[in-house]
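Engineer: Provided herewith is a single structure, encoded as structure tokens, for subsequent inquiry.
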There are 6 protein chains.
Amino acid sequence: MRTVAVRNIPRASPAIVRRLGEAGVATVHEAQGRTGLAKPYMRPIWMPVSVSGSAVTVLTHPGDNWMLHVAVELCQPGDMLVVALSADNEDGMFGELLATSLQSQGVVGLVVDAGCRDVAALRSMQFPVWSRAISAKGTVKETVGAVNVPVVVAGVAVTPGDVVVADDDGVVFVPRLDAEAVGLACDAREKKEAVVRARLQQGELGLDIYAMRQRLETEGLVYVDSPEQR
Amino acid sequence: MRTVAVRNIPRASPAIVRRLGEAGVATVHEAQGRTGLAKPYMRPIWMPVSVSGSAVTVLTHPGDNWMLHVAVELCQPGDMLVVALSADNEDGMFGELLATSLQSQGVVGLVVDAGCRDVAALRSMQFPVWSRAISAKGTVKETVGAVNVPVVVAGVAVTPGDVVVADDDGVVFVPRLDAEAVGLACDAREKKEAVVRARLQQGELGLDIYAMRQRLETEGLVYVDSPEQR
Amino acid sequence: MRTVAVRNIPRASPAIVRRLGEAGVATVHEAQGRTGLAKPYMRPIWMPVSVSGSAVTVLTHPGDNWMLHVAVELCQPGDMLVVALSADNEDGMFGELLATSLQSQGVVGLVVDAGCRDVAALRSMQFPVWSRAISAKGTVKETVGAVNVPVVVAGVAVTPGDVVVADDDGVVFVPRLDAEAVGLACDAREKKEAVVRARLQQGELGLDIYAMRQRLETEGLVYVDSPEQR
Amino acid sequence: MRTVAVRNIPRASPAIVRRLGEAGVATVHEAQGRTGLAKPYMRPIWMPVSVSGSAVTVLTHPGDNWMLHVAVELCQPGDMLVVALSADNEDGMFGELLATSLQSQGVVGLVVDAGCRDVAALRSMQFPVWSRAISAKGTVKETVGAVNVPVVVAGVAVTPGDVVVADDDGVVFVPRLDAEAVGLACDAREKKEAVVRARLQQGELGLDIYAMRQRLETEGLVYVDSPEQR
Amino acid sequence: MRTVAVRNIPRASPAIVRRLGEAGVATVHEAQGRTGLAKPYMRPIWMPVSVSGSAVTVLTHPGDNWMLHVAVELCQPGDMLVVALSADNEDGMFGELLATSLQSQGVVGLVVDAGCRDVAALRSMQFPVWSRAISAKGTVKETVGAVNVPVVVAGVAVTPGDVVVADDDGVVFVPRLDAEAVGLACDAREKKEAVVRARLQQGELGLDIYAMRQRLETEGLVYVDSPEQR
Amino acid sequence: MRTVAVRNIPRASPAIVRRLGEAGVATVHEAQGRTGLAKPYMRPIWMPVSVSGSAVTVLTHPGDNWMLHVAVELCQPGDMLVVALSADNEDGMFGELLATSLQSQGVVGLVVDAGCRDVAALRSMQFPVWSRAISAKGTVKETVGAVNVPVVVAGVAVTPGDVVVADDDGVVFVPRLDAEAVGLACDAREKKEAVVRARLQQGELGLDIYAMRQRLETEGLVYVDSPEQR
């Protein structure tokens with residue numbers, strides 16, 4: 001593993017980061033072609049919550065959170081820390097003190113493929129965290145990893161500077177260079193959904209709105225009455 | 001798999017559906033002889049929550065939510081949609097738009113043996129969902145399944161028209177033709193529990209209320225004092 | 001298995017039990033050398049929550065909660081019930097009635113390596129429970145186990161009378177005879193953390209506070225600039 | 001739960017049971033429309049193995065194997081025992097002695113949604129078992145369940161007398177009244193697969209044999225050359 | 001955590017260690033009152049296999065196998081290494097080189113609550129290992145743990161010098177001072193089982209051998225004929 | 001998702017692919033700095049087995065194996081197919097017919113982050129497969145994915161043309177351009193291990209070979225004698 005800390009990564013514009021955050025995880029995931037979604041074990045430690053930021057990535061080892069301290073210095077306001085591990089582990093490598101440090105640098109949240117602790121304090125601080133576990137298990141600071149290298153987090157390949165969107169539904173990553181296009185696709189999707197929502201609220205059926213009846217018949221769906229009468 | 005949509009299933013009376021909902025999952029499960037309980041991975045996406053309804057069943061495939069659109073049309077006010085999959089999958093096959101559609105038809109909730117998304121919106125709408133995961137992973141509409149056929153959901157065999165009772169404790173299913181008898185058993189159980197609760201609140205012990213001491217001795221329980229003194 | 005119920009176990013003083021509860025799970029775990037922490041699957045059924053007590057231990061079998069009734073009588077005000085199973089099981093072996101009984105004896109909480117039910121009622125009663133699952137699955141009262149014998153709960157060996165500290169972060173156990181020393185270590189740790197927290201809030205970096213830069217360099221960490229420019 | 005033992009269940013003919021066993025799990029599953037397959041956690045305790053039989057069903061409780069003894073008497077030569085539990089459990093409720101008893105009655109195998117022990121002895125006896133775990137954890141004989149009632153095993157609803165087909169790939173259940181039709185569908189499928197296999201062995205592509213190219217293009221698949229050259 | 005390596009632990013006699021090994025995991029587990037069994041995730045990396053020894057315990061951290069090197073020196077011929085972790089982890093902390101070292105000291109096997117690698121080589125060397133995972137994930141040697149302190153392994157509290165019995169069914173631990181008594185209980189159990197086995201082989205039923213019929217009737221089991229005729 | 005099939009990917013030389021295969025998973029993983037290892041759930045369906053090849057990657061959806069047919073045509077002798085899914089799924093998307101087709105094209109193995117079926121036939125054909133499950137669950141051919149795009153498989157980011165090394169220990173991926181350097185590092189590692197192995201076989205301790213005693217003392221390890229005497 002390259003033991004390196006990379007400075008001065010490129011980031012997407014604050015405007016597009018904010019726009020993708022407003023759209024939310026489900027819309028962004030669909031808008032970029034159903035890719036980039038973290039596996040569903042990655043859950044917020046408190047809800048409701050919704051945030052977006054630029055990814056500063058960390059690669060570390062089970063039970064060792066040394067690299068998180070290195071990463072703090074490389075963060076800018078509006079960043080989110082994205083922590084990957086070299087192997088599955090649930091130790092609580094993030095808590096109140098690191099959150100205090102990140103918050104003082106303007107970091108807006110954390111995604112960690114391991115455990116998190118001090119849940120009550122983090123909720124009070126309104127510092128948002130998505131993790132695979134809640135665990136108070138302490139960690140050491142013994143083995144060097146890397147900051148701002150490409151990582152795999154919860155099944156997704158993430159590049160430093162990618163946009164992170166996270167809310168009650170989970171976490172999605174958007175490649176930095178795709179962010180503008182995905183934002184436009186979100187606009188289109190939201191407009192279309194607003195129309196569909198209004199029609200559904202009035203009792204119209206998706207079967208009709210999406211014109212599914214013919215294709216269902218072609219594919220073999222048959223309607224019958226229940227043989228059983230009360 | 002039969003690719004069929006069954007109309008006009010029989011349902012239990014609204015009165016008994018409501019009564020079982022009041023009794024709640026734990027009481028109903030006990031009252032029907034400790035059967036019909038969904039495995040505990042089936043959890044509400046927001047709490048507190050409590051609802052009951054008649055099961056409209058859906059059988060679909062991993063990553064494919066086409067049949068949910070077919071099911072909407074076959075629902076009546078007071079129904080709950082109960083979605084089974086042909087294989088384990090956590091994709092988010094239900095969200096705000098489908099909930100809008102179901103709510104406009106009077107459907108009171110959803111049990112889905114897969115993932116659910118748009119959690120924040122569903123909480124705002126107060127639309128209750130029990131699922132095995134929260135996931136924004138989008139689905140396709142490619143393969144025909146079935147509506148209102150017998151299914152297995154979270155380890156329970158469910159027949160269309162069965163009564164669904166769901167709350168913070170999970171989900172239990174009651175066969176339609178047993179519903180009245182289970183309701184009476186709930187009455188009896190609640191009365192008995194009220195008496196026991198009052199005695200326990202006053203400090204009486206279950207050992208005495210349930211007359212367990214003799215049987216414990218027969219089965220070999222021995223009381224001793226701790227050898228260790230402070 | 002010894003089928004025995006042990007009376008008159010020694011307990012730590014109420015003052016130290018209370019002090020450890022104030023310190024919380026994460027601090028206590030660190031203060032006693034990163035030991036004694038229950039595996040992270042042991043979660044509170046409602047949050048926020050924080051409690052501490054003396055462990056009355058129960059050893060029982062999958063699907064059988066008989067021994068919990070035996071244990072109630074052996075509890076004192078300030079105790080917590082700690083329930084171990086002879087094999088993994090998620091059946092709901094604890095609910096509102098047992099909580100009523102425990103509360104009437106002054107018991108302050110429960111840790112159970114199985115399932116729990118009546119979640120809504122327990123939240124209303126403000127009776128705290130940590131469990132591995134929420135499940136309404138009923139249990140029998142057929143097989144004798146033991147009360148106040150050493151047990152293994154969620155990966156930790158627990159002796160009757162140990163101090164239990166439990167909050168939103170999980171559960172940690174402190175051997176009774178270590179409790180005073182751990183309390184002092186908590187004091188020291190909290191003081192140290194208060195200083196660090198203040199410095200972090202003002203923007204100082206952990207790298208500098210903990211003097212990590214030299215050791216990082218020795219261990220091979222290299223800083224580079226991103227080759228990629230926007 | 002009905003505490004009942006049902007005698008004289010109907011069974012499929014030995015010829016069709018044997019025929020489905022020859023076809024094997026994968027072919028039978030496809031031939032009956034991709035239904036009836038046990039979840040993949042149900043694994044053989046030794047391999048290679050392949051067997052088929054008529055299902056004698058057992059419903060029992062976590063940690064309790066009493067009903068298996070009741071079931072032995074109700075078995076006939078050619079039967080397979082199919083054991084469901086009222087809740088998830090991995091205790092070893094089957095071992096060498098019960099296998100000896102079953103073998104002496106002509107029973108050809110066991111499917112158990114719990115644990116199995118005495119693996120070495122069972123392999124020596126060539127008694128085939130599919131289970132969710134291997135565990136020596138002993139069980140009690142305290143609570144009555146049922147024999148030959150409908151059960152859910154590893155996610156499949158099984159009726160007594162259904163045909164069980166089990167091999168290295170897992171377990172599939174065929175409703176008794178569908179067995180002949182499924183056998184014919186297996187014949188057709190095997191014939192078709194033999195032709196395809198021969199063509200594939202000679203290097204023909206599935207793309208051509210199944211005429212997929214046009215549909216792939218319609219659905220949007222685009223072929224490009226790698227931009228990267230060595 | 002005490003960072004200590006304890007020398008000169010007491011051990012059970014080779015004769016009783018060997019005797020318990022012959023009895024095997026399932027018999028030993030039953031003979032000591034259904035206690036001491038490791039959770040079923042602890043599996044042999046190759047089969048068939050059967051071994052017993054005296055436990056030299058190791059307590060280490062996720063991803064760190066330093067203490068195994070310390071433990072080798074403290075082993076005697078006939079010992080088994082028993083490795084516990086401070087938190088769940090599957091990293092491959094044991095392989096061919098450590099096995100070579102252990103084998104040269106006369107150590108007869110390993111139980112590790114983490115991962116194991118070099119499976120093919122270990123099978124060739126006939127060095128038996130029980131682990132929770134097979135993983136080639138490398139580990140570091142950075143953090144001191146302990147050797148020959150009490151540990152919890154796969155849910156069992158193990159004291160240095162306890163007897164370890166391990167085979168295809170899993171792993172069971174016997175407290176050193178109980179070993180003789182458990183050996184005698186194994187003798188009794190084997191004799192009883194031999195009689196039962198012979199009767200079962202001749203077609204007698206467990207229902208009759210164990211005289212279960214009366215109690216089944218008392219507990220409410222009812223025999224009926226299937227309503228369904230072919 | 002880009003619905004694309006990429007032709008003419010670059011590959012590593014057959015010599016280095018073969019060399020890395022000889023070194024095996026554990027050695028290669030260490031030699032490239034403990035990176036590139038698939039999570040340990042990725043297991044061979046039969047053992048012993050050992051193979052290496054060039055990765056032809058496939059990205060497909062739960063329950064849909066259409067893209068595997070597209071991939072066959074793009075394979076060359078010596079390739080291995082590496083199949084990623086857009087979401088977790090265990091359906092059996094690979095079996096005997098596809099293996100026949102791959103074998104006729106000279107493909108030497110498959111790594112699939114889903115299920116596999118026809119295990120007995122694949123063992124007979126000696127076609128090696130690593131999968132996350134064994135499942136006969138059939139799949140559809142409805143949704144277009146991609147071939148030879150970057151994917152994440154079992155937690156590792158894989159680029160088409162990377163070297164795949166797989167054996168009884170699992171699967172490791174080597175970036176194509178690193179393959180030669182990793183091969184040299186394997187040479188060095190094997191030489192060093194041969195020396196260590198010989199010394200360990202003669203009873204020398206790792207503590208001495210690796211000169212660990214001083215550092216253990218510095219880090220706080222203390223040796224004591226057991227207080228307990230037999």
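Ordered as shown in the structure tokens, chains take letters A, B, and onward, while each chain numbers its residues from 1 and ligands are numbered from 1 in the order shown.
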Looking only at alpha helix (DSSP H) from DSSP on the backbone, list the matching residues of segment 33-143 of chain E as a list in words.
Structural biologist: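 Of segment 33-143 of chain E, the ones in alpha helix (DSSP H) are Trp66, Met67, Leu68, His69, Val70, Ala71, Val72, Glu73, Glu96, Leu97, Leu98, Ala99, Thr100, Ser101, Leu102, Gln103, Ser104, Val119, Ala120, Ala121, Leu122, Arg123, Ser124 and Met125 of chain E.
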Engineer: Which residues are near segment 49-53 of chain B? Cut-off 7 Å, only C-alpha atoms, ignore same chain within fewer than 4 positions. Put them as a compact mmCIF listing (two decimals) with all heavy atoms, in the first residue's frame.
Structural biologist:
# COMPACT_ATOMS: atom_id res chain seq x y z
N VAL B 17 -60.06 -6.67 11.70
CA VAL B 17 -58.74 -6.15 11.32
C VAL B 17 -58.31 -5.06 12.31
O VAL B 17 -57.18 -5.05 12.79
CB VAL B 17 -58.76 -5.60 9.88
CG1 VAL B 17 -57.47 -4.85 9.58
CG2 VAL B 17 -58.99 -6.72 8.88
N ARG B 18 -59.24 -4.19 12.64
CA ARG B 18 -58.94 -3.11 13.58
C ARG B 18 -58.63 -3.65 14.97
O ARG B 18 -57.69 -3.25 15.63
CB ARG B 18 -60.11 -2.13 13.63
CG ARG B 18 -59.82 -0.83 14.35
CD ARG B 18 -60.91 0.20 14.07
NE ARG B 18 -62.23 -0.39 14.31
CZ ARG B 18 -63.20 -0.49 13.38
NH1 ARG B 18 -63.04 -0.02 12.17
NH2 ARG B 18 -64.36 -1.06 13.69
N GLY B 21 -55.25 -5.10 15.18
CA GLY B 21 -54.25 -4.02 15.19
C GLY B 21 -54.10 -3.42 16.58
O GLY B 21 -53.00 -3.11 17.01
N GLY B 78 -57.93 0.11 3.30
CA GLY B 78 -57.73 -0.79 4.42
C GLY B 78 -56.77 -1.93 4.13
O GLY B 78 -56.43 -2.71 5.03
N ASP B 79 -56.32 -2.03 2.90
CA ASP B 79 -55.37 -3.10 2.55
C ASP B 79 -53.94 -2.73 2.96
O ASP B 79 -53.61 -1.55 3.14
CB ASP B 79 -55.38 -3.37 1.04
CG ASP B 79 -56.60 -4.17 0.60
OD1 ASP B 79 -57.31 -4.72 1.49
OD2 ASP B 79 -56.86 -4.24 -0.62
N MET B 80 -53.11 -3.78 3.08
CA MET B 80 -51.66 -3.60 3.18
C MET B 80 -51.02 -4.43 2.08
O MET B 80 -51.41 -5.57 1.82
CB MET B 80 -51.12 -4.06 4.54
CG MET B 80 -51.48 -3.11 5.66
SD MET B 80 -50.73 -3.60 7.24
CE MET B 80 -49.00 -3.18 6.96
N VAL B 108 -53.00 1.17 3.69
CA VAL B 108 -52.54 1.70 4.98
C VAL B 108 -51.09 1.35 5.33
O VAL B 108 -50.58 1.81 6.36
CB VAL B 108 -53.46 1.22 6.12
CG1 VAL B 108 -54.85 1.80 5.93
CG2 VAL B 108 -53.49 -0.30 6.22
N PRO B 128 -46.52 3.90 6.66
CA PRO B 128 -45.69 2.92 7.36
C PRO B 128 -45.18 1.81 6.45
O PRO B 128 -45.94 1.27 5.64
CB PRO B 128 -46.63 2.35 8.42
CG PRO B 128 -48.02 2.74 8.05
CD PRO B 128 -47.97 3.71 6.90
N VAL B 163 -54.85 -11.31 7.57
CA VAL B 163 -54.73 -10.05 8.29
C VAL B 163 -53.26 -9.80 8.65
O VAL B 163 -52.58 -10.70 9.13
CB VAL B 163 -55.59 -10.05 9.57
CG1 VAL B 163 -55.48 -8.70 10.29
CG2 VAL B 163 -57.04 -10.36 9.23
N VAL B 164 -52.80 -8.60 8.37
CA VAL B 164 -51.44 -8.18 8.68
C VAL B 164 -51.50 -7.25 9.89
O VAL B 164 -52.25 -6.27 9.88
CB VAL B 164 -50.80 -7.41 7.51
CG1 VAL B 164 -49.33 -7.16 7.78
CG2 VAL B 164 -51.02 -8.14 6.20
N VAL B 165 -50.74 -7.56 10.93
CA VAL B 165 -50.62 -6.67 12.08
C VAL B 165 -49.15 -6.31 12.20
O VAL B 165 -48.29 -7.19 12.20
CB VAL B 165 -51.12 -7.35 13.38
CG1 VAL B 165 -50.96 -6.43 14.57
CG2 VAL B 165 -52.57 -7.80 13.21
N ALA B 166 -48.86 -5.01 12.29
CA ALA B 166 -47.46 -4.59 12.29
C ALA B 166 -47.28 -3.40 13.22
O ALA B 166 -48.10 -2.47 13.22
CB ALA B 166 -47.03 -4.22 10.87
N ASP B 167 -46.22 -3.43 14.01
CA ASP B 167 -45.91 -2.31 14.89
C ASP B 167 -44.41 -2.28 15.18
O ASP B 167 -43.63 -2.87 14.42
CB ASP B 167 -46.76 -2.36 16.17
CG ASP B 167 -46.54 -3.62 16.99
OD1 ASP B 167 -45.48 -4.26 16.84
OD2 ASP B 167 -47.42 -3.95 17.80
N ASP B 168 -44.01 -1.59 16.25
CA ASP B 168 -42.58 -1.46 16.55
C ASP B 168 -41.91 -2.81 16.78
O ASP B 168 -40.68 -2.93 16.69
CB ASP B 168 -42.37 -0.61 17.81
CG ASP B 168 -42.76 0.85 17.60
OD1 ASP B 168 -43.32 1.18 16.54
OD2 ASP B 168 -42.53 1.65 18.52
Engineer: Which residues are near Val149 of chain E? Cut-off 9 Å, only C-alpha atoms, ignore same chain within fewer than 6 positions. Put them as a VMD selection string.
Structural biologist: chain E and resid 2 4 to 6 56 to 59 158 to 160
Engineer: Write down, as a PyMOL selection string, each residue of chain E that has any atom within 6 Å of an atom of chain F, counting only C-alpha atoms.
Structural biologist: chain E and resi 3-10+69+100-101+104+117+135-136
Engineer: From chain E, collect each residue whose DSSP state is strand (DSSP E or B) and return the set as an MDAnalysis selection string.
Structural biologist: chainID E and resid 4:7 37 43:44 50:60 64 79:85 92 109:116 129:134 140 146:147 151:153 156:158 163:167 170:174 222:225
